[in-house]
Structures are given as structure tokens and as C-alpha cells.
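*Asks:* Contents of protein-v3.txt (compact mmCIF, C-alpha atoms and all ligand atoms) are below:
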# COMPACT_ATOMS: atom_id res chain seq x y z
CA MET A 346 47.62 -33.61 -90.28
CA LYS A 347 45.38 -32.91 -87.32
CA GLN A 348 46.98 -32.41 -83.97
CA PRO A 349 45.97 -35.11 -81.46
CA MET A 350 43.36 -33.91 -78.99
CA HIS A 351 45.57 -34.24 -75.96
CA LEU A 352 48.22 -32.07 -77.60
CA CYS A 353 45.59 -29.49 -78.46
CA LEU A 354 44.70 -29.30 -74.78
CA LEU A 355 48.23 -28.32 -73.85
CA PRO A 356 48.00 -24.58 -74.52
CA LEU A 357 45.06 -24.30 -72.12
CA ALA A 358 46.83 -26.42 -69.54
CA ALA A 359 49.89 -24.24 -69.97
CA LEU A 360 47.92 -21.29 -68.63
CA THR A 361 48.23 -22.66 -65.13
CA LEU A 362 51.15 -23.24 -62.82
CA PHE A 363 50.76 -26.56 -61.16
CA SER A 364 51.98 -26.31 -57.62
CA GLY A 365 50.21 -29.23 -55.97
CA THR A 366 51.31 -32.80 -55.54
CA ALA A 367 49.21 -34.98 -57.81
CA GLN A 368 47.89 -38.17 -56.27
CA ALA A 369 45.97 -39.00 -59.41
CA THR A 370 47.13 -40.95 -62.41
CA PRO A 371 48.53 -38.33 -64.79
CA THR A 372 46.35 -37.46 -67.76
CA LEU A 373 47.68 -37.48 -71.29
CA THR A 374 48.41 -33.80 -70.92
CA GLY A 375 50.44 -34.49 -67.79
CA ASP A 376 48.39 -31.74 -66.24
CA ARG A 377 44.98 -31.16 -64.69
CA PRO A 378 41.77 -32.62 -66.13
CA LEU A 379 39.38 -30.16 -67.75
CA VAL A 380 36.19 -28.98 -66.09
CA ILE A 381 33.50 -28.97 -68.78
CA SER A 382 30.27 -27.39 -67.67
CA HIS A 383 27.48 -29.55 -69.05
CA ARG A 384 24.64 -27.45 -70.50
CA GLY A 385 26.11 -24.58 -68.48
CA ALA A 386 25.98 -24.72 -64.69
CA SER A 387 22.84 -26.81 -65.08
CA GLY A 388 22.92 -28.10 -61.52
CA TYR A 389 22.00 -24.57 -60.45
CA LEU A 390 20.20 -22.76 -63.29
CA PRO A 391 17.98 -23.72 -66.24
CA GLU A 392 20.13 -25.72 -68.63
CA GLU A 393 21.55 -24.11 -71.77
CA SER A 394 20.24 -20.66 -70.75
CA ILE A 395 22.48 -17.64 -71.15
CA GLN A 396 22.58 -17.34 -67.36
CA ALA A 397 23.61 -20.99 -66.88
CA TYR A 398 26.56 -20.51 -69.24
CA GLN A 399 27.53 -17.26 -67.53
CA LEU A 400 27.44 -18.90 -64.11
CA ALA A 401 29.59 -21.78 -65.41
CA MET A 402 32.25 -19.32 -66.54
CA ARG A 403 32.16 -17.52 -63.19
CA MET A 404 32.54 -20.88 -61.42
CA GLY A 405 35.81 -21.62 -63.17
CA ALA A 406 34.76 -23.95 -65.97
CA ASP A 407 37.44 -24.52 -68.61
CA TYR A 408 34.77 -25.18 -71.25
CA ILE A 409 31.06 -24.54 -71.58
CA GLU A 410 29.17 -27.40 -73.20
CA GLY A 411 25.87 -27.32 -75.05
CA ASP A 412 23.73 -29.09 -77.63
CA VAL A 413 22.90 -27.74 -81.07
CA TYR A 414 19.75 -27.97 -83.23
CA LEU A 415 18.68 -26.08 -86.33
CA THR A 416 15.44 -24.09 -86.37
CA ALA A 417 12.82 -23.76 -89.09
CA ASP A 418 14.69 -20.71 -90.38
CA ASN A 419 18.00 -22.61 -90.29
CA LYS A 420 19.45 -20.92 -87.24
CA ALA A 421 21.59 -22.96 -84.84
CA VAL A 422 20.26 -22.92 -81.27
CA MET A 423 21.16 -24.44 -77.91
CA LEU A 424 18.79 -27.14 -76.67
CA HIS A 425 19.23 -30.69 -75.41
CA ASP A 426 15.89 -32.29 -76.26
CA GLY A 427 14.39 -32.11 -79.71
CA THR A 428 11.32 -30.67 -78.06
CA LEU A 429 10.84 -27.58 -75.92
CA ASN A 430 8.37 -29.01 -73.41
CA ALA A 431 10.75 -30.07 -70.61
CA THR A 432 13.04 -27.03 -70.51
CA THR A 433 11.01 -23.99 -71.56
CA ASN A 434 7.69 -22.33 -70.68
CA VAL A 435 6.31 -23.16 -74.13
CA VAL A 436 3.14 -24.90 -72.91
CA ALA A 437 2.05 -21.98 -70.71
CA TYR A 438 3.11 -19.44 -73.33
CA ALA A 439 1.15 -21.18 -76.07
CA ALA A 440 -2.03 -20.85 -74.02
CA THR A 441 -2.07 -17.12 -74.81
CA HIS A 442 -0.24 -17.16 -78.15
CA PRO A 443 -2.15 -18.94 -80.92
CA ASP A 444 0.77 -18.73 -83.37
CA ILE A 445 2.88 -20.75 -80.95
CA ALA A 446 0.04 -23.13 -80.09
CA ALA A 447 -0.28 -23.86 -83.81
CA LEU A 448 3.19 -25.42 -83.73
CA ARG A 449 2.07 -28.10 -81.30
CA SER A 450 2.29 -31.66 -82.61
CA ALA A 451 -0.56 -34.13 -82.25
CA ASN A 452 1.23 -35.78 -79.33
CA GLY A 453 1.50 -32.47 -77.49
CA SER A 454 5.18 -31.86 -78.13
CA TYR A 455 6.71 -28.67 -79.46
CA ASP A 456 9.49 -29.63 -81.85
CA VAL A 457 12.26 -27.05 -81.96
CA THR A 458 12.70 -27.55 -85.70
CA LYS A 459 9.22 -26.04 -86.28
CA PHE A 460 10.13 -22.78 -84.56
CA THR A 461 11.96 -19.77 -85.91
CA LEU A 462 14.68 -18.22 -83.80
CA ALA A 463 12.45 -15.17 -83.26
CA GLN A 464 9.72 -17.42 -81.85
CA LEU A 465 12.19 -19.20 -79.56
CA ARG A 466 13.37 -15.86 -78.22
CA GLN A 467 9.83 -15.24 -76.93
CA LEU A 468 10.18 -18.20 -74.53
CA SER A 469 11.88 -18.53 -71.16
CA VAL A 470 14.15 -21.42 -70.30
CA THR A 471 12.98 -23.40 -67.27
CA CYS A 472 14.40 -26.03 -64.95
CA ARG A 473 14.24 -29.64 -66.07
CA ASN A 474 12.48 -31.82 -63.53
CA ALA A 475 15.25 -34.39 -63.21
CA ASN A 476 17.94 -35.36 -60.76
CA GLY A 477 20.99 -33.13 -61.01
CA TYR A 478 19.27 -30.20 -62.75
CA CYS A 479 18.56 -27.04 -60.71
CA THR A 480 18.88 -29.19 -57.61
CA ASP A 481 20.82 -26.46 -55.80
CA LYS A 482 18.77 -23.24 -55.77
CA THR A 483 21.55 -21.01 -54.37
CA TYR A 484 21.75 -18.97 -57.58
CA PHE A 485 18.20 -19.50 -58.85
CA ASP A 486 15.80 -16.55 -58.91
CA ALA A 487 12.18 -17.61 -59.35
CA GLY A 488 11.30 -14.08 -60.48
CA GLN A 489 13.83 -14.04 -63.31
CA SER A 490 13.22 -15.00 -66.90
CA TYR A 491 16.04 -17.24 -68.12
CA THR A 492 17.18 -16.46 -71.65
CA PHE A 493 17.08 -18.84 -74.60
CA ALA A 494 20.47 -19.01 -76.34
CA SER A 495 21.25 -19.26 -80.02
CA TYR A 496 24.50 -20.98 -80.94
CA SER A 497 25.84 -17.58 -81.87
CA ASP A 498 24.95 -16.30 -78.36
CA PHE A 499 26.80 -19.30 -76.89
CA LEU A 500 29.97 -18.53 -78.86
CA ASP A 501 29.67 -14.81 -78.13
CA LEU A 502 29.61 -15.53 -74.39
CA ALA A 503 33.00 -17.25 -74.42
CA TYR A 504 34.55 -14.82 -76.87
CA ASN A 505 33.28 -11.66 -75.16
CA ASN A 506 34.32 -13.03 -71.77
CA TYR A 507 37.83 -13.43 -73.16
CA LEU A 508 37.86 -9.88 -74.53
CA ALA A 509 36.66 -8.52 -71.19
CA THR A 510 38.81 -10.59 -68.84
CA GLY A 511 41.64 -12.17 -70.83
CA ILE A 512 40.52 -15.56 -69.48
CA ALA A 513 40.24 -18.09 -72.30
CA ILE A 514 37.26 -20.35 -71.75
CA GLY A 515 36.55 -22.91 -74.44
CA VAL A 516 33.33 -24.18 -75.99
CA PHE A 517 32.25 -27.78 -76.55
CA PRO A 518 29.21 -27.87 -78.85
CA GLU A 519 27.49 -31.19 -79.52
CA ALA A 520 25.73 -31.98 -82.79
CA LYS A 521 22.46 -33.20 -81.35
CA GLN A 522 20.14 -33.12 -84.34
CA GLY A 523 20.62 -35.83 -86.97
CA GLY A 524 22.24 -35.17 -90.34
CA LEU A 525 25.28 -33.25 -91.38
CA ALA A 526 23.72 -29.78 -91.61
CA VAL A 527 24.04 -29.25 -87.87
CA ALA A 528 27.69 -30.34 -87.95
CA GLU A 529 28.29 -27.87 -90.78
CA ALA A 530 26.63 -25.14 -88.72
CA ILE A 531 28.83 -25.96 -85.72
CA LEU A 532 32.01 -25.61 -87.76
CA ALA A 533 30.73 -22.49 -89.53
CA GLY A 534 30.19 -20.80 -86.17
CA LEU A 535 33.59 -21.77 -84.82
CA THR A 536 35.33 -20.44 -87.90
CA ASP A 537 33.28 -17.24 -88.22
CA THR A 538 35.71 -14.41 -88.93
CA LYS A 539 34.01 -12.23 -86.33
CA TYR A 540 35.80 -14.31 -83.66
CA ASN A 541 39.22 -13.48 -85.10
CA GLY A 542 40.47 -17.07 -84.86
CA TYR A 543 39.60 -17.41 -81.17
CA PHE A 544 37.87 -20.79 -81.54
CA THR A 545 40.39 -22.19 -84.02
CA THR A 546 43.19 -21.52 -81.58
CA ALA A 547 44.15 -24.77 -79.83
CA GLY A 548 42.40 -25.24 -76.51
CA ARG A 549 39.40 -23.00 -77.28
CA ALA A 550 37.00 -25.47 -78.88
CA LEU A 551 36.14 -29.15 -79.01
CA THR A 552 33.24 -30.80 -80.83
CA GLN A 553 31.28 -33.98 -80.13
CA SER A 554 28.49 -36.28 -81.21
CA PHE A 555 26.92 -39.67 -80.50
CA ASP A 556 26.58 -40.15 -84.27
CA ALA A 557 29.62 -41.74 -85.94
CA THR A 558 28.76 -40.14 -89.28
CA GLN A 559 28.75 -36.69 -87.70
CA VAL A 560 31.97 -37.43 -85.83
CA SER A 561 33.64 -38.51 -89.06
CA TYR A 562 32.45 -35.34 -90.77
CA LEU A 563 33.69 -33.10 -87.97
CA ASN A 564 37.00 -34.96 -87.95
CA ALA A 565 37.51 -34.72 -91.70
CA ASN A 566 36.49 -31.10 -92.07
CA SER A 567 38.22 -29.39 -89.20
CA ALA A 568 41.40 -29.42 -87.16
CA ILE A 569 39.29 -28.83 -84.05
CA PRO A 570 39.42 -32.02 -81.93
CA VAL A 571 36.25 -34.11 -81.92
CA SER A 572 35.03 -36.50 -79.27
CA TYR A 573 32.94 -39.57 -80.03
CA LEU A 574 30.25 -40.15 -77.41
CA GLY A 575 29.88 -43.87 -77.07
CA ALA A 576 30.89 -47.05 -75.36
CA CYS A 577 34.37 -46.85 -73.96
CA PRO A 578 36.89 -49.09 -75.75
CA THR A 579 38.73 -51.44 -73.42
CA THR A 580 41.05 -53.06 -75.95
CA ALA A 581 43.70 -51.62 -78.21
CA ALA A 582 41.81 -52.78 -81.29
CA ALA A 583 38.56 -51.13 -80.21
CA ALA A 584 40.37 -47.95 -79.29
CA ALA A 585 42.11 -47.87 -82.67
CA GLN A 586 38.70 -48.01 -84.37
CA VAL A 587 37.56 -44.93 -82.48
CA ALA A 588 40.88 -43.19 -83.12
CA ALA A 589 40.30 -43.64 -86.85
CA ILE A 590 37.47 -41.10 -86.73
CA ALA A 591 37.91 -39.12 -83.50
CA ASP A 592 40.38 -37.49 -81.14
CA GLY A 593 38.62 -38.43 -77.95
CA ILE A 594 36.03 -40.71 -76.40
CA GLY A 595 33.11 -39.61 -74.24
CA PRO A 596 31.77 -42.59 -72.27
CA SER A 597 29.02 -42.44 -69.69
CA THR A 598 30.23 -42.44 -66.10
CA GLY A 599 29.04 -46.03 -65.73
CA GLN A 600 31.26 -47.13 -68.60
CA LEU A 601 34.40 -45.53 -67.23
CA SER A 602 37.10 -47.95 -66.13
CA ALA A 603 40.87 -48.17 -65.85
CA ALA A 604 40.87 -50.50 -68.86
CA CYS A 605 39.02 -47.87 -70.87
CA VAL A 606 41.38 -45.06 -69.89
CA ASN A 607 44.42 -47.18 -70.62
CA ALA A 608 43.17 -48.41 -73.99
CA ALA A 609 42.00 -44.96 -75.07
CA HIS A 610 45.19 -43.24 -74.00
CA GLY A 611 47.20 -45.95 -75.72
CA ALA A 612 45.46 -45.02 -78.97
CA GLY A 613 46.01 -41.28 -78.39
CA LEU A 614 42.39 -40.65 -77.46
CA SER A 615 41.38 -38.31 -74.67
CA VAL A 616 38.77 -39.60 -72.20
CA ILE A 617 36.05 -37.21 -71.03
CA PRO A 618 33.17 -39.01 -69.32
CA TYR A 619 29.63 -37.68 -68.74
CA THR A 620 27.87 -36.60 -66.54
CA TYR A 621 29.02 -35.84 -62.99
CA LEU A 622 26.62 -34.30 -60.47
CA ASN A 623 27.05 -33.14 -56.87
CA ASN A 624 28.80 -36.10 -55.29
CA PRO A 625 32.45 -35.04 -54.76
CA SER A 626 33.73 -38.59 -54.39
CA THR A 627 32.73 -39.42 -57.96
CA TYR A 628 35.01 -36.67 -59.27
CA ALA A 629 37.92 -37.89 -57.16
CA SER A 630 37.45 -41.40 -58.56
CA ALA A 631 37.47 -40.14 -62.13
CA TYR A 632 40.51 -37.95 -61.58
CA ASN A 633 42.35 -40.83 -60.00
CA LEU A 634 41.64 -42.96 -63.06
CA GLY A 635 43.39 -40.34 -65.19
CA VAL A 636 40.50 -38.87 -67.19
CA ASP A 637 41.32 -35.83 -69.32
CA GLY A 638 38.20 -33.97 -68.26
CA VAL A 639 34.71 -34.36 -66.85
CA PHE A 640 31.31 -33.20 -68.04
CA THR A 641 29.70 -31.74 -64.95
CA ASN A 642 26.48 -29.99 -63.96
CA PHE A 643 28.34 -28.54 -60.96
CA PRO A 644 31.57 -26.97 -62.27
CA ASP A 645 32.41 -25.47 -58.89
CA ILE A 646 32.44 -28.93 -57.29
CA ALA A 647 34.49 -30.36 -60.15
CA ALA A 648 37.04 -27.56 -59.79
CA SER A 649 37.12 -27.81 -56.00
CA VAL A 650 37.77 -31.56 -56.00
CA ARG A 651 40.38 -31.07 -58.71
CA ASP A 652 42.18 -28.64 -56.41
CA GLN A 653 42.03 -31.19 -53.60
CA VAL A 654 43.44 -33.96 -55.78
CA PHE A 655 46.03 -31.97 -57.72
CA GLY A 656 46.61 -28.98 -55.47
CA PRO A 657 45.46 -25.42 -56.12
CA GLU A 658 46.28 -23.82 -59.43
CA THR A 659 47.90 -20.46 -59.90
CA PRO A 660 46.58 -18.62 -62.95
CA VAL A 661 49.13 -17.10 -65.27
CA PRO A 662 47.89 -14.25 -67.46
CA GLU A 663 47.85 -14.83 -71.20
CA PRO A 664 49.75 -12.47 -73.48
CA HIS A 665 46.44 -10.68 -74.04
CA SER A 666 46.13 -10.01 -70.29
CA VAL A 667 49.77 -9.10 -70.00
CA ALA A 668 49.28 -6.57 -72.78
CA LEU A 669 46.27 -5.11 -70.99
CA LEU A 670 48.24 -5.04 -67.76
CA GLY A 671 51.06 -3.27 -69.56
CA LEU A 672 48.67 -0.72 -70.98
CA GLY A 673 47.19 -0.22 -67.53
CA LEU A 674 50.62 0.35 -65.97
CA ALA A 675 51.60 2.66 -68.82
CA GLY A 676 48.37 4.59 -68.30
CA LEU A 677 49.12 4.81 -64.59
CA GLY A 678 52.57 6.20 -65.42
CA VAL A 679 51.07 8.85 -67.67
CA PHE A 680 48.58 9.73 -64.97
CA ARG A 681 51.37 10.12 -62.40
CA LYS A 682 53.43 12.29 -64.74
CA ARG A 683 50.43 14.54 -65.33
CA LYS A 684 49.87 14.83 -61.60
CA GLN A 685 53.51 15.77 -61.04
CA ALA A 686 53.32 18.36 -63.80
O1 LIG A 701 28.08 -34.29 -74.24
C1 LIG A 701 28.33 -35.20 -73.24
C2 LIG A 701 27.05 -35.51 -72.68
O2 LIG A 701 26.43 -34.30 -72.56
C3 LIG A 701 26.24 -36.40 -73.51
O3 LIG A 701 25.01 -36.48 -72.98
O4 LIG A 701 22.64 -36.30 -73.23
O5 LIG A 701 23.86 -34.38 -72.37
O6 LIG A 701 24.05 -34.95 -74.73
P1 LIG A 701 23.84 -35.48 -73.34
Is it possible to give me this structure as C-alpha cells?
*Replies:*
Amino acid sequence: MKQPMHLCLLPLAALTLFSGTAQATPTLTGDRPLVISHRGASGYLPEESIQAYQLAMRMGADYIEGDVYLTADNKAVMLHDGTLNATTNVVAYAATHPDIAALRSANGSYDVTKFTLAQLRQLSVTCRNANGYCTDKTYFDAGQSYTFASYSDFLDLAYNNYLATGIAIGVFPEAKQGGLAVAEAILAGLTDTKYNGYFTTAGRALTQSFDATQVSYLNANSAIPVSYLGACPTTAAAAAQVAAIADGIGPSTGQLSAACVNAAHGAGLSVIPYTYLNNPSTYASAYNLGVDGVFTNFPDIAASVRDQVFGPETPVPEPHSVALLGLGLAGLGVFRKRKQA
């Protein structure tokens, strides 16, 4: 039987010592809500680019979130829209590349499913012209080309960061394209043996979709907790219906309410609303309602307000880090002995 989502969050929560005095309603974990960086640190850098995910991890996100489509050559890639027009340089690039221009639809759109991964890698990711995306240019470099990410790149970022630092950051892929093939691809990536069980360890991966059929598939075919993106249930009966196919609910910020949190928690569902931007008071409100996490374009703000509400956290190294520390100390001892000799 699958472990409830809130229980799966416990190992990650257990990595911190909670020293503050919580003013907020406790979450189901009894600990701090998760900071989930929506499309990477998309408030600062082009969404779903390698650099946006890297910045999110540096800013203290617990999870990096991104959307998954399949390409013409059946590769899973990270993109929110079905088309490339709003978040890549495809239009300008096509002007000098006839093979790319040939992929243009009659309405002017470039559908990601017509591209191969190799063609997508020729493009740069650009800032979406919308509120909350690249609105803070502190980290943005106009002279830099921002890198398109495959789903494999996305997973590699979290896994390689863990190998390098011992800090376990999770991933939260969303099946964006219709059909079950993309859900299958999401699970195949998370269970790839090259990650040595990293993403199947509790607290390292969550999945999500707006599509109930995809949610049901993800729920039935994996122990990894899945979140259903949809209207927030406010009654026990409605929450039980969601709990039949999912481990969590992902309502929009406008749908969040105390009734929703209470009903969802009563059914064992986590509540992770989307999407928070750069207004600190909105985070405080959500935390005080007892949400289990927030999707945010500004992970640094989400983490900062979390510290204000719950008190600062004190990281505790994982066994992996402790082992590295032990090796380092042992190496230092050897070095000292050699010096003495
Ligand atoms: O995944 C939560 C939230 O991201 C849903 O909205 O449009 O970004 O997929 P969207």
C-alpha cells in the first residue's frame, strides 16, 4: 500500500532542526511547509531553463518543479506551453534556419511535439512576457544564452547536486501533455537505475497533473506521491473523492481556504497551492492556513517568509554528508600523520 503523501514528506522534513516558535497552523507533517520552485526560479531567470533550476537550488528550494512534454523523437523535455513561441528564441532562430522554419504551423506557432530533442537544443530559453516571470533582473544576464532542458537534464541537476553537496533536493514533474505516454516517461525517468534509487527514496520526488486520468495512472503505477491539480475540496465527501486517486491537492491560490485545508487534511491529502510570486504577505497567509508547501516563482522569498513564520532552520547533514565529513576528517588525520613523520 502506498504511503500517504504527508508521511512521505517526513524524511525531508526530518533533515532540519526546527528551533523557531511556529505561529502558523501546523501542517500535516507537523513541520515546515515545502518550498517548491515553480519552473525553476522563474521570477528571476527564463522558466524551465537549466540556469533557472540551478538558481532555485541555490536559493534553498526543497523541490524544483517543471512541466513535461514528449518530442517528435519521443524524448521527454521541460516546457510549460505546448508551443515554443513564448519562452524560446524560436521565431528569430527560424528566420535563419529553414529546417526549423519548416516546423511552423499555419497559425505561426511552433509545437514542441514537432521538434526533435537535437533541434530543441539549438534554441535558447527566453523570458516569458508575463507578470511574475523574470520580473526581478538581479540574476539575469542579457548576454547569456539560457539552456533548454530535457527531462533527463532536470533529473540530473537534482541528483548531481546531491552527489556534490549531500543536500537532497526533490523534483516535482508535471505531466503537461495529454495522454498516458508522458506519465509513463515521467515514471521511467524517476526509476532509471542510473539514479541509484535517489528519486524513489521518500521525499525526493512528487508527481502532478491537471488530468484525472494521468493522476490515476501515476497513483496506480508508482509509490511516488501524486498531486491532483484542481479545485480544492471543501467537504469531506469531495476530499475523499480526490483521495481515491491522489495523495495531494494542488489548488490555485485563489481557491485556497481554511475549509479546503481542513477537508483535504481530514482525507489525508497534502495541500500545495500554486503559484506565489513576490508578495511576502501572500506566503505568510498560506503558511498560516497550514499548507504543506507552496509553488513559487521566488523560492528565496518563500524560504525567507517561512523562516519568519516558523523560525530559522538548522540544517542537519544526511548520512551521505556525514560519511563525506568522516572521510574528510580521516583524510585530515592521515595528512597530519604524514606531516609529523
Ligand atoms: O504545477 C502547479 C502549477 O504549476 C500548475 O500550473 O500552469 O504552471 O502548470 P502550471
*Asks:* Which is closest to ligand LIG 701 (chain A) among A:Val436, A:Cys479, A:Ala406, A:Met423, if we use all atoms listed in the file?
*Replies:*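 Using all atoms listed in the file, ligand LIG 701 (chain A) sits closest to A:Met423.
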*Asks:* Enumerate, in order of chain and increasing residue number, the residues of chain A with an atom no farther than 9 Å from ligand LIG 701 (chain A), each with its shortest atom pair and distance in Å to one decimal, counting all atoms listed in the file, as a Markdown table.
*Replies:*
| residue | atom | partner | partner_atom | distance |
| --- | --- | --- | --- | --- |
| A:His383 | CA | A:LIG701 | O2 | 6.0 |
| A:Arg384 | CA | A:LIG701 | O5 | 7.2 |
| A:Glu410 | CA | A:LIG701 | O1 | 7.1 |
| A:Gly411 | CA | A:LIG701 | O1 | 7.4 |
| A:Asp412 | CA | A:LIG701 | O6 | 6.5 |
| A:His425 | CA | A:LIG701 | O6 | 6.5 |
| A:Asp426 | CA | A:LIG701 | O4 | 8.4 |
| A:Phe517 | CA | A:LIG701 | O1 | 8.1 |
| A:Pro518 | CA | A:LIG701 | O1 | 8.0 |
| A:Glu519 | CA | A:LIG701 | O1 | 6.2 |
| A:Ala520 | CA | A:LIG701 | O6 | 8.8 |
| A:Lys521 | CA | A:LIG701 | O6 | 7.0 |
| A:Gln553 | CA | A:LIG701 | O1 | 6.7 |
| A:Ser554 | CA | A:LIG701 | O1 | 7.3 |
| A:Phe555 | CA | A:LIG701 | C3 | 7.7 |
| A:Ser572 | CA | A:LIG701 | O1 | 8.9 |
| A:Leu574 | CA | A:LIG701 | C3 | 6.7 |
| A:Gly595 | CA | A:LIG701 | C1 | 6.6 |
| A:Pro596 | CA | A:LIG701 | C1 | 8.2 |
| A:Ser597 | CA | A:LIG701 | C3 | 7.7 |
| A:Ile617 | CA | A:LIG701 | C1 | 8.3 |
| A:Pro618 | CA | A:LIG701 | C1 | 7.3 |
| A:Tyr619 | CA | A:LIG701 | C2 | 5.2 |
| A:Thr620 | CA | A:LIG701 | C2 | 6.3 |
| A:Phe640 | CA | A:LIG701 | C1 | 6.3 |
| A:Thr641 | CA | A:LIG701 | O2 | 8.7 |
*Asks:* For A:Ser567, which residue out of A:Leu525, A:Ala533, A:Ala629, A:Ala401 is the nearest one, using all atoms listed in the file?
*Replies:*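 Of A:Leu525, A:Ala533, A:Ala629, A:Ala401, the one nearest A:Ser567, counting all atoms listed in the file, is A:Ala533.
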*Asks:* From the set A:Ala585, A:Ser626, A:Val560, A:Asn642, which residue has the shortest atom-to-atom contact distance to A:His610, counting all atoms listed in the file?
*Replies:*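 Of all the options, A:Ala585 lies closest to A:His610.
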*Asks:* Taking (39.1, -23.0, -81.6) in the coordinates of the supplied file, I want to know which residues reach to within 10 Å of it, counting all atoms listed in the file; could you give the answer as a ChimeraX atom specification?
*Replies:* /A:353,515-517,532,535-536,540,542-552,567-570
*Asks:* Atom CA of A:Ile531 to atom CA of A:Gln600: how many Å, to one decimal?
*Replies:*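 Interatomic distance, atom CA of A:Ile531 to atom CA of A:Gln600: 27.3 Å.
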*Asks:* Please measure the separation of atom CA of A:Gly599 and atom CA of A:Asn476, giving the value in Å to one decimal.
*Replies:* 16.2 Å
*Asks:* My list of candidates is A:Val606, A:Leu634, A:Ile395, A:Leu622. Which is closest to A:Ile646 when distances are computed with only C-alpha atoms?
*Replies:*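 Closest residue, counting only C-alpha atoms: A:Leu622.
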*Asks:* In terms of the shortest atom-to-atom distance over all atoms listed in the file, which of A:Leu468, A:Met402, A:Ala609, A:Leu415 is closest to A:Val527?
*Replies:* A:Leu415
*Asks:* Name the residues in contact with A:Gly427 at a cut-off of 10 Å, using all atoms listed in the file, excluding same-chain residues fewer than 6 positions from it; report them as an MDAnalysis selection string.
*Replies:* chainID A and resid 413:415 454:458 521:522
*Asks:* Using only C-alpha atoms, which protein or nucleic acid residues come within 8 Å of A:Thr480? Drop anything in the same chain fewer than 3 positions from it, and give the result as a PyMOL selection string.
*Replies:* chain A and resi 388-389+476-477
*Asks:* Pick the closest to A:Val380 from A:Asp556, A:Asp407, A:Asp537, A:Glu393: which is it, counting all atoms listed in the file?
*Replies:*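 For A:Val380, the nearest of the candidates is A:Asp407.
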*Asks:* What does the distance between atom CA of A:Gly638 and atom CA of A:Leu390 come to in Å, to one decimal place?
*Replies:*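 Computed distance, atom CA of A:Gly638 to atom CA of A:Leu390, equals 21.8 Å.
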*Asks:* Give me the residues near A:Cys472 as a count of residues only, where near means some atom within 8 Å (using all atoms listed in the file) and where sequence neighbours in that chain fewer than 2 positions away do not count.
*Replies:* 10
*Asks:* Neighbouring residues of A:Tyr562 were defined as those with any atom within 9 Å, considering only C-alpha atoms; residues of the same chain fewer than 3 positions away were excluded. Please report them as an MDAnalysis selection string.
*Replies:* chainID A and resid 525 528:529 557:559 565:567 590
